[in-house]
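Comments concern the structure below.
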Amino acid sequence: MSIATEPAGPDGSSSSSDISTKPRKSLPAVTIRFAGDSGDGMQLAGTQFTDTSALLGNDISTLPDYPAEIRAPAGTLAGVSGYQIHFSSNDIFTPGDEVDALVAMNPAALRTNLKSVKTGGIVIVNEDSFTAVDLKKAQYTANPLEDGSLGRYRLVKVPIDKLNAAATADTGLGAKDTDRCKNMFALGLVYWLYGRPLDATLGYINKKFAKKPQVATANTKALRAGYNFGITTELFQEHYEVPKAKLASGLYRKITGNEAVALGMVAAAHLAGKELIYCSYPITPASDILHELSAQKNFGVMTFQAEDEIAAMGAAIGVAFGGALAATGTSGPGLALKGEAIGLAVMTELPVVIVDVQRGGPSTGLPTKTEQADLLQAMFGRNGECPVPILAATSASDCFSAMVEAFTIATRYMTPVLFLSDGYIANGAEPWLVPEVDKLPKITIHHPTAANDEAGFMPYQRNEDGARPWALPGTPGLEHRIGGLEKQDVTGNVSYDPANHERMIHLRAQKVAEIKPAGPAYLWNGPQSGDVLLVGWGSTYGAIRAAVQQLVEEGVSVASCQIRYLNPLPEQLGEMMKRFKHILSPEMNLGQLRMLLRAKFLVDVQGLNKVRGQPFTISEITRGVHALLRGNLDGHMVTVNDGPAPRIEPIDDEG
Amino acid sequence: MSIATPPVNVLKASDFASDQDPRWCPGCGDYAILAQTKKVLAKIGADRSKTVFISGIGCSSRFPYYMNTYGFHSIHGRAPTLVTGLKLANPGLTVWMVTGDGDALSIGGNHLIHMIRRNVDVKILLFNNRIYGLTKGQYSPTSEHGKKTKSTPMGSPDMPVRPISIAIAAEASFAARAIDIDVKHLEYVLERAAHHKGSAFVEIYQNCNIFNDGAYSYATDKQSKSDTTLYLEHGKPMRFGKELDKAIRVNQMRPEIVNVKDVPADELLIHDEKAPNPTLAFMLSRMRHPDFPEPLGVFRAVDQERYAQLVRSQSEQAVQRLGKGDLQALLRGSETWTV
Ligand code: SF4
């Protein structure tokens with residue numbers, strides 16, 4: 001169904017005639033945010049809006065933002081849950097810098113989200129929730145709906161509680177149950193506002209509540225009531241449409257980073273002709289990978305929920321020894337626990353893919369917020385000289401290809417591989433051009449069946465890639481022993497010989513240093529030389545790329561290089577950086593890639609650093625580049641926490 | 001005490017020896033355990049290529065290097081995790097795990113419990129010498145309360161754990177105990193473990209003649225051993241003493257020692273290793289020298305579903321229900337649109 005031809009009827013159905021007479025305005029791109037209490041169903045409203053927009057053909061990028069507490073006290077600032085969606089008729093790379101329309105279900109949601117709304121933006125509030133008690137919980141001393149403090153915005157006060165209650169009154173459900181349909185009312189209203197059909201969400205409701213017809217009816221009524229309210233109310237004088245995006249042609253679906261990681265693993269197993277065993281201990285924000293994979297049992301996928309992080313890594317090593325594809329997934333604290341066992345995988349040279357979905361640290365840190373501060377842990381967080389190849393996915397959909405590459409590297413070079421994602425791309429969604437399975441590269445694996453030397457089987461005899469043979473227990477004649485003690489070169493026997501130890505350290509280092517990427521080692525945007533090169537890695541790709549686009553339009557001489565293979569780093573990067581006057585590295589940490597680049601290439605890399613649990617906005621990066629060019633970048637952009645609703649302030653141009 | 005095993009005998013015990021010379025201290029109890037293990041493997045007709053020894057860290061954990069089978073000498077305490085992963089990848093392998101009291105009960109206590117409760121199909125040989133040998137003589141989780149060691153000059157303040165109590169608390173389907181120098185009985189217990197399907201937990205009293213010599217002299221000394229040990233036999237009364245003149249009776253849920261001639265035969269406690277309820281096995285695991293003779297033999301041997309088999313049967317069920325997975329369909333997902 002296309003929205004370009006006045007499709008939606010009074011209730012959003014595609015067939016009946018449109019009685020709405022309000023003008024419809026076409027916009028190239030819009031960013032909206034649903035915000036409410038953790039119990040208000042904002043994540044669901046957000047994902048439904050995303051699905052509908054994706055199906056309409058918009059490009060999308062999302063940013064779910066929820067508290068670490070499962071149920072923080074209702075109505076408090078700590079309990080606010082939000083979901084931001086950027087949907088567009090152009091290519092987009094980020095969830096949007098500024099919000100065009102905010103839905104705030106209570107005062108706390110308004111307070112924590114208002115600053116993201118652009119001047120003149122729409123603010124839809126559930127005015128029924130602006131009671132004295134809720135205002136107090138949100139630490140408002142005066143009612144913002146009445147004190148004129150929202151003058152910069154187009155305030156739309158909707159009695160959502162009452163309208164929802166009326167719409168769902170005759171469903172036979174109690175007030176508590178009907179009240180839970182509020183999110184559908186709000187969603188229906190926003191659907192009307194942006195000319196979206198209700199079909200996808202109606203389908204979802206009917207499927208989800210197939211066994212609870214009353215609940216299905218109530219949600220349906222609330223959704224339609226919200227939509228119809230948009231048509232009839234005097235509060236809106238116009239509504240909008242965002243036409244389809246011009247994406248490359250093909251079949252698309254919506255995907256999050258965690259989904260793409262899981263699918264990449266299943267695909268890798270298929271391409272290698274092997275079973276996949278994913279060993280993991282639940283941890284935010286990586287647990288969804290475990291959930292996704294545990295549902296794929298008919299694909300030769302097994303999951304092992306281990307007793308702890310160490311066990312998950314140990315079991316993955318056992319899996320690899322046994323000859324299946326082995327993976328484990330975790331976040332920063334779990335990676336720290338796995339360190340010793342990763343060393344064992346390095347010593348025994350077994351292929352295991354270790355996923356780190358990074359979150360705010362140190363320690364428990366900010367479990368539900370994003371950060372990129374595990375790079376140096378991935379690089380060095382083990383005892384001894386313990387090199388591990390590192391790949392970082394640059395977007396939600398890139399997680400798929402990067403995961404297939406990770407298994408390709410792990411099995412070709414017989415090594416554990418660290419795969420870095422983060423909370424932002426793990427939970428954020430975007431459209432994904434579904435790949436054709438037949439066109440994906442096969443993963444070729446060889447298991448020896450005969451001895452490789454006249455004297456018998458030599459488990460540490462290396463091939464041209466420096467990889468040792470992957471001989472599987474159960475193979476007659478190849479019985480051998482491996483372990484964590486230093487190995488004698490070739491034979492693999494325990495050896496304490498000093499010269500052998502040095503040789504083995506060099507062999508292990510060389511093997512990793514000479515790895516050839518199985519996909520693009522970096523993604524380049526812009527000219528090959530100029531004033532500024534932005535060097536990033538991982539999830540900052542979207543914001544950096546969009547910033548480059550804007551800056552180039554402004555006439556700034558800038559390019560960007562997003563590194564996917566962080567170990568080994570692309571050799572040519574040193575030369576490429578020399579062709580720019582300035583190198584700026586935006587990172588969600590205090591300068592970890594910067595440290596590596598400086599150490600390896602002796603280049604004066606500057607940092608643009610943000611550690612607020614939120615991804616970069618485009619303007620933060622463009623402002624950073626301007627500040628750099630004016631010579632007043634102070635190396636980082638941490639700003640003062642201002643009140644109960646912290647948010648990134650635009651960089652102070654005065655440094 | 002023998003088990004009917006078909007006389008396969010393809011390989012001799014010596015065929016299971018690798019080309020590496022054992023490096024344990026002369027006189028260490030580990031040698032006897034190594035010898036009996038090879039003997040049992042030969043006796044049951046084990047296939048070297050399908051046999052894997054996995055260990056952690058400690059004196060005992062050198063074991064895999066001395067076996068001409070597949071082997072993995074892993075890291076401290078984590079052997080159970082590797083065992084679990086390996087069995088998931090290939091349930092057809094016969095896996096033996098060799099560990100010690102420090103490796104299994106201190107640093108690896110968590111993993112041991114969870115592997116046993118999952119009933120991963122593995123034979124666990126816990127060499128209990130009640131001391132840290134490899135790190136040269138610190139007290140271990142099984143060292144006696146008050147024991148003076150290098151790290152406890154004034155005596156250990158810790159209470160020791162009882163390995164079989166832990167195994168049974170972790171729902172072990174098989175738990176047994178043997179002594180290193182009682183080689184015939186050790187062979188019997190190892191053979192029983194070899195035949196068990198599921199986690200077969202064997203505590204072996206092992207003498208560390210360097211750092212804890214004589215830890216089990218009460219149970220090995222010719223003079224005292226018949227009074228300090230009790231050989232368990234399924235279906236038989238628990239009798240001990242030189243003339244088997246003493247026995248165990250349960251009185252108000254507690255075991256007590258009685259003279260056989262003083263009590264009616266039907267009051268003597270009969271061993272039942274197959275009892276579904278683990279209470280008896282647990283009670284036996286609490287019997288400690290000097291208050292009681294220490295039971296040797298099989299405490300518990302019951303059938304339980306095995307972990308890797310359960311996991312794989314779920315996969316089979318999924319295939320039956322949904323058909324073999326179609327990757328292209330999975331990648332497409334439920335909602336797509338065409339541009
Ligand atoms: S230290 Fe003790 S346990 Fe270790 S090898 Fe020597 S005697 Fe055996």
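Letters A, B, ... mark the chains of the structure tokens in the order given; residue numbers begin at 1 per chain; ligand numbers begin at 1, in order shown.
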Please identify every residue of chain B that has at least one atom no farther than 9 Å from an atom of ligand 1, counting only C-alpha atoms and all ligand atoms, and for each give the shortest atom pair and the distance in Å to one decimal, arranged by chain then increasing number, as CSV.
```
residue,atom,partner,partner_atom_place_in_ligand_line,distance
B:Arg23,CA,ligand 1,5 (S),7.2
B:Trp24,CA,ligand 1,5 (S),3.9
B:Cys25,CA,ligand 1,6 (Fe),4.1
B:Pro26,CA,ligand 1,7 (S),7.0
B:Gly27,CA,ligand 1,7 (S),6.6
B:Cys28,CA,ligand 1,7 (S),4.1
B:Gly29,CA,ligand 1,8 (Fe),6.3
B:Asp30,CA,ligand 1,8 (Fe),6.1
B:Tyr31,CA,ligand 1,8 (Fe),8.5
B:Gly58,CA,ligand 1,4 (Fe),7.5
B:Cys59,CA,ligand 1,4 (Fe),4.5
B:Ser60,CA,ligand 1,3 (S),6.9
B:Phe127,CA,ligand 1,3 (S),8.7
B:Asn129,CA,ligand 1,3 (S),6.8
B:Ile131,CA,ligand 1,3 (S),8.1
B:Tyr132,CA,ligand 1,3 (S),7.7
B:Gly133,CA,ligand 1,1 (S),4.0
B:Leu134,CA,ligand 1,4 (Fe),5.6
B:Thr135,CA,ligand 1,1 (S),8.2
B:Lys136,CA,ligand 1,1 (S),6.7
B:Gly137,CA,ligand 1,1 (S),7.8
B:Gln206,CA,ligand 1,3 (S),7.7
B:Asn207,CA,ligand 1,3 (S),6.9
B:Cys208,CA,ligand 1,2 (Fe),3.6
B:Asn209,CA,ligand 1,7 (S),4.7
B:Ile210,CA,ligand 1,7 (S),4.8
B:Phe211,CA,ligand 1,2 (Fe),5.8
B:Asn212,CA,ligand 1,2 (Fe),7.3
B:Asp213,CA,ligand 1,7 (S),8.2
```
Dump C-alpha atoms for the selected residues as a PDB file, in the first residue's frame?
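The resulting file, out_28.pdb, is reproduced below:
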```
ATOM      1  CA  ARG B  23      56.691 -36.386  35.890  1.00  0.00           C
ATOM      2  CA  TRP B  24      55.024 -36.980  39.201  1.00  0.00           C
ATOM      3  CA  CYS B  25      57.160 -37.339  42.310  1.00  0.00           C
ATOM      4  CA  PRO B  26      58.407 -40.872  42.875  1.00  0.00           C
ATOM      5  CA  GLY B  27      55.962 -42.641  45.141  1.00  0.00           C
ATOM      6  CA  CYS B  28      53.018 -40.387  44.272  1.00  0.00           C
ATOM      7  CA  GLY B  29      49.616 -42.064  44.342  1.00  0.00           C
ATOM      8  CA  ASP B  30      48.932 -40.732  40.843  1.00  0.00           C
ATOM      9  CA  TYR B  31      51.016 -43.526  39.312  1.00  0.00           C
ATOM     10  CA  GLY B  58      47.328 -29.386  39.364  1.00  0.00           C
ATOM     11  CA  CYS B  59      49.513 -32.450  39.749  1.00  0.00           C
ATOM     12  CA  SER B  60      46.710 -34.777  38.694  1.00  0.00           C
ATOM     13  CA  PHE B 127      42.262 -37.153  42.998  1.00  0.00           C
ATOM     14  CA  ASN B 129      45.088 -35.607  48.333  1.00  0.00           C
ATOM     15  CA  ILE B 131      46.527 -30.504  49.799  1.00  0.00           C
ATOM     16  CA  TYR B 132      47.804 -28.280  47.012  1.00  0.00           C
ATOM     17  CA  GLY B 133      50.719 -30.209  45.534  1.00  0.00           C
ATOM     18  CA  LEU B 134      51.681 -28.278  42.419  1.00  0.00           C
ATOM     19  CA  THR B 135      51.868 -24.955  44.265  1.00  0.00           C
ATOM     20  CA  LYS B 136      53.840 -26.693  46.989  1.00  0.00           C
ATOM     21  CA  GLY B 137      51.780 -27.371  49.993  1.00  0.00           C
ATOM     22  CA  GLN B 206      45.373 -40.181  46.696  1.00  0.00           C
ATOM     23  CA  ASN B 207      48.499 -39.935  48.766  1.00  0.00           C
ATOM     24  CA  CYS B 208      50.743 -36.955  48.159  1.00  0.00           C
ATOM     25  CA  ASN B 209      53.886 -38.304  49.704  1.00  0.00           C
ATOM     26  CA  ILE B 210      55.640 -34.959  49.434  1.00  0.00           C
ATOM     27  CA  PHE B 211      53.227 -32.489  50.986  1.00  0.00           C
ATOM     28  CA  ASN B 212      50.645 -34.560  52.814  1.00  0.00           C
ATOM     29  CA  ASP B 213      52.105 -37.984  53.303  1.00  0.00           C
TER      30      ASP B 213
END
```
>> I need the residues in region 359-471 of chain A that are strand (DSSP E) according to DSSP; give them as a PyMOL selection string.
In response: chain A and resi 390-392+417-422+429-433
> as an MDAnalysis selection string, which residues of region 344-490 of chain A does DSSP assign to alpha helix (DSSP H)?
Replying inline: chainID A and resid 344:348 375:380 398:413 423:427
Keeping C-alpha atoms, export the residues of the selection given above as a CSV table (one decimal), in the first residue's frame.
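Wrote it out as selection.csv, contents follow:
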```
chain,number,residue,atom,x,y,z
A,344,LEU,CA,43.7,-20.9,26.3
A,345,ALA,CA,42.0,-20.6,22.9
A,346,VAL,CA,45.0,-18.6,21.7
A,347,MET,CA,47.5,-21.1,23.1
A,348,THR,CA,45.6,-24.1,21.8
A,375,LEU,CA,38.6,-1.9,22.5
A,376,LEU,CA,41.7,-2.0,24.6
A,377,GLN,CA,40.3,-4.8,26.6
A,378,ALA,CA,39.7,-6.7,23.4
A,379,MET,CA,43.2,-5.9,22.3
A,380,PHE,CA,45.2,-6.5,25.4
A,398,ASP,CA,26.8,-5.0,9.0
A,399,CYS,CA,26.7,-7.4,12.0
A,400,PHE,CA,25.6,-10.1,9.6
A,401,SER,CA,28.5,-9.9,7.1
A,402,ALA,CA,31.0,-9.2,9.8
A,403,MET,CA,29.9,-12.3,11.7
A,404,VAL,CA,30.3,-14.5,8.6
A,405,GLU,CA,33.8,-12.9,8.2
A,406,ALA,CA,34.6,-13.6,11.8
A,407,PHE,CA,34.0,-17.3,11.4
A,408,THR,CA,35.9,-17.3,8.1
A,409,ILE,CA,39.0,-15.8,9.9
A,410,ALA,CA,38.6,-18.0,13.0
A,411,THR,CA,38.5,-21.3,11.0
A,412,ARG,CA,41.0,-20.3,8.3
A,413,TYR,CA,43.7,-19.1,10.8
A,423,GLY,CA,24.3,-1.5,22.7
A,424,TYR,CA,23.4,1.1,20.1
A,425,ILE,CA,23.6,-1.1,17.0
A,426,ALA,CA,22.6,-4.2,19.0
A,427,ASN,CA,19.2,-2.8,19.7
```
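Residues in contact with region 17-19 of chain B at 6 Å, where only C-alpha atoms are counted and same-chain residues fewer than 6 positions away are skipped, are listed as Tyr66, Met67 and Asn68 of chain B.
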Would you give me, as a Markdown table, each residue of chain B having an atom within 8 Å of an atom of chain A, along with its shortest atom pair and that distance in Å to one decimal, using only C-alpha atoms and sorting by chain and residue number?
```
| residue | atom | partner | partner_atom | distance |
| --- | --- | --- | --- | --- |
| B:Arg48 | CA | A:Glu479 | CA | 7.5 |
| B:Ser49 | CA | A:Gly474 | CA | 4.8 |
| B:Lys50 | CA | A:Gly474 | CA | 4.4 |
| B:Thr51 | CA | A:Gly474 | CA | 7.5 |
| B:Val52 | CA | A:Pro473 | CA | 7.2 |
| B:Pro64 | CA | A:Arg481 | CA | 6.9 |
| B:Tyr65 | CA | A:Arg481 | CA | 6.2 |
| B:Asn68 | CA | A:Glu479 | CA | 6.6 |
| B:Thr69 | CA | A:Glu479 | CA | 5.2 |
| B:Tyr70 | CA | A:Glu479 | CA | 4.8 |
| B:Gly71 | CA | A:Arg481 | CA | 4.3 |
| B:Phe72 | CA | A:Ile482 | CA | 5.0 |
| B:His73 | CA | A:Gly483 | CA | 4.3 |
| B:Ser74 | CA | A:Gly483 | CA | 5.2 |
| B:Ile75 | CA | A:Gly484 | CA | 6.5 |
| B:Arg78 | CA | A:Gly314 | CA | 6.5 |
| B:Ala79 | CA | A:Gly314 | CA | 7.7 |
| B:Thr81 | CA | A:Ala315 | CA | 4.6 |
| B:Leu82 | CA | A:Gly318 | CA | 4.1 |
| B:Val83 | CA | A:Gly318 | CA | 6.2 |
| B:Thr84 | CA | A:Ala315 | CA | 5.9 |
| B:Gly85 | CA | A:Ala315 | CA | 4.0 |
| B:Leu86 | CA | A:Gly318 | CA | 4.3 |
| B:Lys87 | CA | A:Val319 | CA | 7.7 |
| B:Leu88 | CA | A:Val319 | CA | 6.8 |
| B:Ala89 | CA | A:Val319 | CA | 5.2 |
| B:Asn90 | CA | A:Gly322 | CA | 6.0 |
| B:Leu93 | CA | A:Gly474 | CA | 6.8 |
| B:Asn110 | CA | A:Glu307 | CA | 7.6 |
| B:His111 | CA | A:Ala311 | CA | 6.9 |
| B:His114 | CA | A:Glu307 | CA | 6.8 |
| B:Val311 | CA | A:Met302 | CA | 7.3 |
| B:Arg312 | CA | A:Met302 | CA | 7.8 |
| B:Gln314 | CA | A:Lys297 | CA | 7.3 |
| B:Ser315 | CA | A:Lys297 | CA | 4.9 |
| B:Glu316 | CA | A:Asn298 | CA | 7.2 |
| B:Ala318 | CA | A:Asn298 | CA | 5.1 |
| B:Val319 | CA | A:Asn298 | CA | 4.6 |
| B:Leu322 | CA | A:Asn298 | CA | 7.0 |
| B:Gly323 | CA | A:Asn298 | CA | 6.9 |
| B:Lys324 | CA | A:Asn298 | CA | 5.4 |
| B:Gly325 | CA | A:Phe299 | CA | 4.6 |
| B:Asp326 | CA | A:Phe299 | CA | 7.6 |
| B:Leu327 | CA | A:Ala267 | CA | 7.0 |
| B:Gln328 | CA | A:Val437 | CA | 5.9 |
| B:Leu330 | CA | A:Leu263 | CA | 7.9 |
| B:Leu331 | CA | A:Val434 | CA | 6.5 |
| B:Arg332 | CA | A:Val434 | CA | 6.2 |
| B:Gly333 | CA | A:Arg253 | CA | 7.2 |
| B:Glu335 | CA | A:Arg253 | CA | 6.2 |
| B:Thr336 | CA | A:Arg253 | CA | 4.6 |
| B:Trp337 | CA | A:Tyr252 | CA | 5.2 |
| B:Thr338 | CA | A:Leu251 | CA | 4.5 |
| B:Val339 | CA | A:Ser249 | CA | 4.6 |
```
What lies within 12 Å of Leu268 (chain B) using only C-alpha atoms, ignoring chain neighbours under 2 positions off, as a PDB file with C-alpha atoms, in the first residue's frame?
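Written file, selection.pdb:
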```pdb
ATOM      1  CA  GLY B 235      22.000 -55.241  48.152  1.00  0.00           C
ATOM      2  CA  LYS B 236      24.308 -56.327  50.979  1.00  0.00           C
ATOM      3  CA  PRO B 237      24.401 -55.231  54.608  1.00  0.00           C
ATOM      4  CA  MET B 238      27.075 -52.692  55.428  1.00  0.00           C
ATOM      5  CA  ARG B 239      29.495 -54.796  57.449  1.00  0.00           C
ATOM      6  CA  PHE B 240      33.084 -54.068  58.293  1.00  0.00           C
ATOM      7  CA  ASP B 245      31.735 -58.328  62.885  1.00  0.00           C
ATOM      8  CA  LYS B 246      30.579 -54.737  62.822  1.00  0.00           C
ATOM      9  CA  ALA B 247      27.837 -53.116  60.807  1.00  0.00           C
ATOM     10  CA  ILE B 248      25.889 -49.898  60.288  1.00  0.00           C
ATOM     11  CA  ARG B 249      22.355 -49.478  61.487  1.00  0.00           C
ATOM     12  CA  VAL B 250      20.150 -46.429  61.147  1.00  0.00           C
ATOM     13  CA  ASN B 251      18.692 -45.185  64.355  1.00  0.00           C
ATOM     14  CA  PRO B 255      23.808 -44.045  61.294  1.00  0.00           C
ATOM     15  CA  GLU B 256      25.359 -45.934  64.183  1.00  0.00           C
ATOM     16  CA  ILE B 257      27.889 -48.701  64.522  1.00  0.00           C
ATOM     17  CA  VAL B 258      26.605 -51.968  65.934  1.00  0.00           C
ATOM     18  CA  ASN B 259      28.070 -55.375  66.626  1.00  0.00           C
ATOM     19  CA  VAL B 260      26.565 -57.818  64.192  1.00  0.00           C
ATOM     20  CA  LYS B 261      25.965 -60.391  66.890  1.00  0.00           C
ATOM     21  CA  ASP B 262      24.048 -57.923  69.061  1.00  0.00           C
ATOM     22  CA  VAL B 263      21.326 -56.981  66.582  1.00  0.00           C
ATOM     23  CA  PRO B 264      18.906 -58.901  64.391  1.00  0.00           C
ATOM     24  CA  ALA B 265      20.150 -59.235  60.816  1.00  0.00           C
ATOM     25  CA  ASP B 266      17.172 -57.349  59.419  1.00  0.00           C
ATOM     26  CA  ILE B 270      21.455 -52.696  53.386  1.00  0.00           C
ATOM     27  CA  HIS B 271      23.224 -50.800  50.626  1.00  0.00           C
TER      28      HIS B 271
END
```
> Which of these, B:Thr279, B:Gln252, B:Gln304, B:Gln223, has the shortest distance to Val120 (chain B) once you count only C-alpha atoms?
Replying inline: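 Closest residue, counting only C-alpha atoms: B:Gln304.
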> Smallest atom-to-atom distance to Pro290 (chain B): which of B:Leu244, B:Pro157, B:Asp121, B:Asp227, using only C-alpha atoms?
Replying inline: B:Asp227
> Which residues come within 7 Å of Arg130 (chain B), counting only C-alpha atoms, excluding same-chain residues fewer than 4 positions away, as a list in words?
Replying inline: Asp101, Ser140, Thr142 and Ser143 of chain B
>> Just to confirm, what's the straight-line distance from CA of Val532 (chain A) to CA of Asp97 (chain A) in Å (one decimal)?
In response: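 Interatomic distance, CA of Val532 (chain A) to CA of Asp97 (chain A): 22.3 Å.
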> When you draw a straight line from CA of Ala109 (chain A) to CA of Val80 (chain A), how long is it in Å?
Replying inline: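 Calculated distance between CA of Ala109 (chain A) and CA of Val80 (chain A) is 5.7 Å.
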